[in-house]
Every structure is written in C-alpha cells, then in structure tokens.
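Structure file target_6.tsv; described as TSV, C-alpha atoms.
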chain	number	residue	atom	x	y	z
A	87	MET	CA	-17.05	4.00	-36.39
A	88	LYS	CA	-17.30	4.58	-40.13
A	89	GLY	CA	-14.48	5.27	-42.52
A	90	SER	CA	-11.75	3.56	-44.47
A	91	PHE	CA	-9.60	0.88	-42.92
A	92	TRP	CA	-6.68	3.36	-43.15
A	93	TRP	CA	-8.50	5.87	-40.98
A	94	LYS	CA	-9.46	3.16	-38.50
A	95	ASP	CA	-5.80	2.14	-38.21
A	96	VAL	CA	-4.75	5.76	-37.64
A	97	PHE	CA	-7.53	6.23	-35.09
A	98	ARG	CA	-6.25	3.22	-33.09
A	99	LEU	CA	-3.04	5.18	-32.53
A	100	SER	CA	-4.95	7.95	-30.72
A	101	PRO	CA	-4.17	6.64	-27.19
A	102	ILE	CA	-0.46	6.53	-28.05
A	103	PHE	CA	-0.59	10.11	-29.35
A	104	ARG	CA	-2.32	11.19	-26.17
A	105	GLY	CA	0.43	9.54	-24.15
A	106	LEU	CA	3.09	11.50	-26.04
A	107	SER	CA	1.26	14.80	-25.70
A	108	SER	CA	1.12	17.69	-23.33
A	109	ILE	CA	-1.97	19.89	-23.48
A	110	GLN	CA	-2.63	23.51	-22.54
A	111	VAL	CA	-6.37	24.13	-22.24
A	112	ASN	CA	-7.61	27.39	-23.70
A	113	THR	CA	-10.92	27.06	-25.55
A	114	GLY	CA	-11.15	23.37	-24.69
A	115	ASP	CA	-12.75	22.53	-28.03
A	116	SER	CA	-9.99	20.13	-29.20
A	117	ILE	CA	-9.62	18.22	-25.93
A	118	LEU	CA	-11.74	15.27	-24.86
A	119	PHE	CA	-12.80	15.90	-21.28
A	120	TRP	CA	-12.60	12.27	-20.15
A	121	LYS	CA	-9.91	10.76	-22.40
A	122	ASP	CA	-7.14	13.34	-22.81
A	123	PRO	CA	-4.41	14.07	-20.22
A	124	TRP	CA	-5.27	17.73	-19.72
A	125	MET	CA	-5.24	18.04	-15.91
A	126	ASN	CA	-2.01	16.07	-15.44
A	127	VAL	CA	-4.32	13.05	-15.28
A	128	ILE	CA	-6.69	11.34	-17.66
A	129	PRO	CA	-10.03	11.97	-15.92
A	130	GLN	CA	-11.51	8.67	-17.11
A	131	ASN	CA	-8.74	6.82	-15.24
A	132	ALA	CA	-8.48	9.14	-12.24
A	133	PHE	CA	-12.24	9.26	-11.60
A	134	PRO	CA	-13.62	5.90	-12.81
A	135	THR	CA	-16.79	5.93	-10.72
A	136	ILE	CA	-18.03	9.37	-11.80
A	137	PHE	CA	-16.96	8.51	-15.35
A	138	SER	CA	-19.33	5.54	-15.25
A	139	PHE	CA	-22.16	8.08	-14.78
A	140	ALA	CA	-21.03	10.25	-17.74
A	141	ILE	CA	-23.70	10.73	-20.36
A	142	ASN	CA	-21.18	11.33	-23.16
A	143	GLU	CA	-17.64	9.98	-22.81
A	144	ASP	CA	-16.52	12.03	-25.83
A	145	PHE	CA	-17.51	15.51	-24.62
A	146	SER	CA	-14.91	18.16	-25.27
A	147	VAL	CA	-13.70	20.18	-22.29
A	148	GLN	CA	-15.57	23.15	-23.76
A	149	SER	CA	-18.84	21.20	-24.03
A	150	PHE	CA	-18.49	19.87	-20.52
A	151	PHE	CA	-18.07	23.36	-19.08
A	152	GLN	CA	-20.95	24.76	-21.15
A	153	ASN	CA	-23.41	22.14	-19.91
A	154	GLU	CA	-25.16	22.00	-16.61
A	155	VAL	CA	-24.23	19.08	-14.38
A	156	THR	CA	-27.50	17.34	-15.20
A	157	HIS	CA	-26.46	17.21	-18.88
A	158	ASN	CA	-23.07	15.67	-18.10
A	159	PHE	CA	-24.12	12.84	-15.77
A	160	SER	CA	-26.88	10.33	-15.31
A	161	LEU	CA	-28.44	11.19	-12.00
A	162	PRO	CA	-28.74	10.31	-9.15
A	163	LEU	CA	-25.08	9.70	-8.33
A	164	SER	CA	-23.89	7.02	-5.95
A	165	THR	CA	-22.13	8.09	-2.76
A	166	GLN	CA	-18.73	7.15	-4.21
A	167	ALA	CA	-19.51	8.96	-7.49
A	168	LEU	CA	-20.53	12.06	-5.55
A	169	GLN	CA	-17.21	12.02	-3.68
A	170	GLU	CA	-15.30	11.70	-6.96
A	171	PHE	CA	-17.42	14.49	-8.44
A	172	GLN	CA	-16.42	16.76	-5.56
A	173	ASP	CA	-12.73	15.88	-6.05
A	174	LEU	CA	-13.07	16.51	-9.79
A	175	SER	CA	-14.84	19.82	-9.14
A	176	ASN	CA	-11.93	20.96	-6.98
A	177	LEU	CA	-9.54	20.36	-9.88
A	178	LEU	CA	-11.88	22.10	-12.33
A	179	ASP	CA	-11.93	25.24	-10.19
A	180	ASN	CA	-8.36	25.91	-11.38
A	181	ILE	CA	-9.19	25.69	-15.11
A	182	ASN	CA	-9.57	28.94	-17.04
A	183	ILE	CA	-11.28	28.75	-20.43
A	184	THR	CA	-10.08	31.44	-22.86
A	185	ASN	CA	-10.65	32.41	-26.50
A	186	GLN	CA	-7.26	31.17	-27.73
A	187	LYS	CA	-6.67	27.81	-29.40
A	188	ASP	CA	-5.73	24.83	-27.25
A	189	THR	CA	-2.04	23.98	-27.43
A	190	TRP	CA	-0.94	20.40	-28.06
A	191	THR	CA	2.77	19.67	-27.90
A	192	PHE	CA	4.82	16.52	-27.84
A	193	LEU	CA	6.66	15.75	-24.63
A	194	TRP	CA	9.93	16.69	-26.36
A	195	GLY	CA	8.70	19.84	-28.15
A	196	THR	CA	6.38	21.00	-30.89
A	197	ILE	CA	7.70	19.07	-33.91
A	198	PHE	CA	6.90	15.39	-34.40
A	199	LYS	CA	10.05	13.29	-34.71
A	200	SER	CA	9.80	9.57	-35.36
A	201	LYS	CA	13.23	9.10	-33.77
A	202	LYS	CA	11.86	10.49	-30.49
A	203	VAL	CA	8.96	8.03	-30.60
A	204	TYR	CA	11.37	5.19	-31.42
A	205	ASP	CA	13.69	6.19	-28.58
A	206	LEU	CA	10.78	6.39	-26.17
A	207	PHE	CA	9.50	2.90	-26.98
A	208	PHE	CA	12.53	0.94	-28.19
A	209	ALA	CA	15.85	2.56	-27.22
A	210	HIS	CA	16.12	0.44	-24.08
A	211	LEU	CA	15.97	-2.80	-26.14
A	212	SER	CA	19.10	-4.55	-27.33
A	213	PRO	CA	19.19	-6.93	-30.27
A	214	PRO	CA	20.11	-10.49	-29.39
A	215	SER	CA	23.71	-11.47	-29.93
A	216	SER	CA	24.55	-13.38	-33.10
A	217	ASN	CA	25.33	-16.45	-30.97
A	218	HIS	CA	21.60	-16.96	-30.43
A	219	PHE	CA	21.11	-17.63	-34.12
A	220	TYR	CA	23.92	-20.11	-34.57
A	221	MET	CA	22.73	-23.67	-34.89
A	222	GLU	CA	25.05	-26.61	-34.70
A	223	PRO	CA	24.91	-28.96	-37.71
Starting from the file, lay out its structure as structure tokens.
Amino acid sequence: MKGSFWWKDVFRLSPIFRGLSSIQVNTGDSILFWKDPWMNVIPQNAFPTIFSFAINEDFSVQSFFQNEVTHNFSLPLSTQALQEFQDLSNLLDNINITNQKDTWTFLWGTIFKSKKVYDLFFAHLSPPSSNHFYMEP
C-alpha cells in the first residue's frame, strides 16, 4: 500500500469502522464484497473456504455481481468450497442492486460521535482505586 504514514494509520482503523457500521446495499459500489458486513455477516469470515478461492478479495459488491462466476473464483472448486458457494448463492438471491447510493450508518445513527465509540469500547472499564498507587515508605 502506498501513501503517507498518516493515511496508513487511518487505513488500519478500517476494520473498526466496519464493526461500527450498518450497511444498506443499493449500487454496491462502496461495499467490499468479502470484507464488509453487508449481509449481516462478513462473507470472508462466514465462508472461509470459498473465500480462499476468490480471485480478488477487494471486489466491490457491484463488481462481484457484474462478473461471471469464473471471474470471481479460481476454478475448479473443492467439494467444501462448492457447498459454501451454494450457501452463499442462497443469501445472494435476496440482494437487490439498485441505482441509489449505498447507505452506511453507525450502529447508533448517522452522525459520528466519539463519545459513542468511547462508550462502546471503554465504558465498562473502571479506573483502579487510588489505594493501588499508594506505596509505603
């Protein structure tokens, strides 16, 4: 990956952002087919065997649907990969691609709030009592 060290640091946060997001597929052009949680699962995690046959792990949903199967996977598929492909195909039958923009929202709404992220990750933590820091002379 090329770019400044700032961009690389921001890019490392991508999995966290995905975990805080809810996605409505429309065009599918802003959603990574394998890595984003767009079918209530992250396909890469839910279908690891068929994912291992994927030609491009960074295909958008739109690109995946526009390609023929032979352009999405290295063939031939193993028996287990074929079973996962059939399970994946059943989920894909319910996806409708439209002309409207994809909708990304945070789990708590449409506006990013650092307090919500903090609460999600750290609200359950309690600071240690001051007695832990007292040292006898």
Using all atoms listed in the file, what table do you get, as CSV, when you list each residue of stretch 91-153 of chain A with an atom no more than 12 Å from stretch 199-216 of chain A, its nearest pair of atoms, and their distance in Å rounded to one decimal, rows by chain then rising number?
residue,atom,partner,partner_atom,distance
A:Ile102,CA,A:Val203,CA,9.9
A:Phe103,CA,A:Val203,CA,9.9
A:Gly105,CA,A:Val203,CA,10.8
A:Leu106,CA,A:Val203,CA,8.2
A:Ser107,CA,A:Val203,CA,11.4
Query raised in the report: Do you have the atom CA of A:Asp144-atom CA of A:Ile117 distance handy?
Result: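 Here the two named atoms are 9.3 Å from each other.
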Query - Shell around stretch 149-158 of chain A at 6 Å using all atoms listed in the file, local window under 4 positions removed, as a PyMOL selection string - result: chain A and resi 140-141+145
Do you have, as a Markdown table, the list of residues of stretch 153-195 of chain A lying at most 6 Å from stretch 110-114 of chain A, each with its nearest atom pair and that distance in Å to one decimal, counting all atoms listed in the file and ordered by chain then number?
| residue | atom | partner | partner_atom | distance |
| --- | --- | --- | --- | --- |
| A:Ile183 | CA | A:Asn112 | CA | 5.1 |
| A:Thr184 | CA | A:Asn112 | CA | 4.8 |
| A:Asn185 | CA | A:Thr113 | CA | 5.4 |
| A:Gln186 | CA | A:Asn112 | CA | 5.5 |
| A:Lys187 | CA | A:Thr113 | CA | 5.8 |
| A:Asp188 | CA | A:Asn112 | CA | 4.8 |
| A:Thr189 | CA | A:Gln110 | CA | 4.9 |
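One finds atom CA of A:Trp124 at 9.8 Å from atom CA of A:Trp190.
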Query raised in the report: Could you state the separation of atom CA of A:Gln148 and atom CA of A:Asp122 in Å, given to one decimal place?
Result: 13.0 Å
Requested in this report: Using all atoms listed in the file, collect all residues at a distance of at most 12 Å from (-7.8, 12.2, -19.2) as written in the file, then present them as JSON, numbers by chain.
Outcome: {"A": [101, 104, 105, 107, 108, 109, 117, 118, 119, 120, 121, 122, 123, 124, 125, 126, 127, 128, 129, 130, 131, 132, 133, 134, 137, 143, 144, 145, 146, 147, 174]}
Query raised in the report: For A:Ser160, which residue among A:Ser116, A:Ser175, A:Thr135, A:Asn180 is the nearest when counting all atoms listed in the file?
Result: A:Thr135
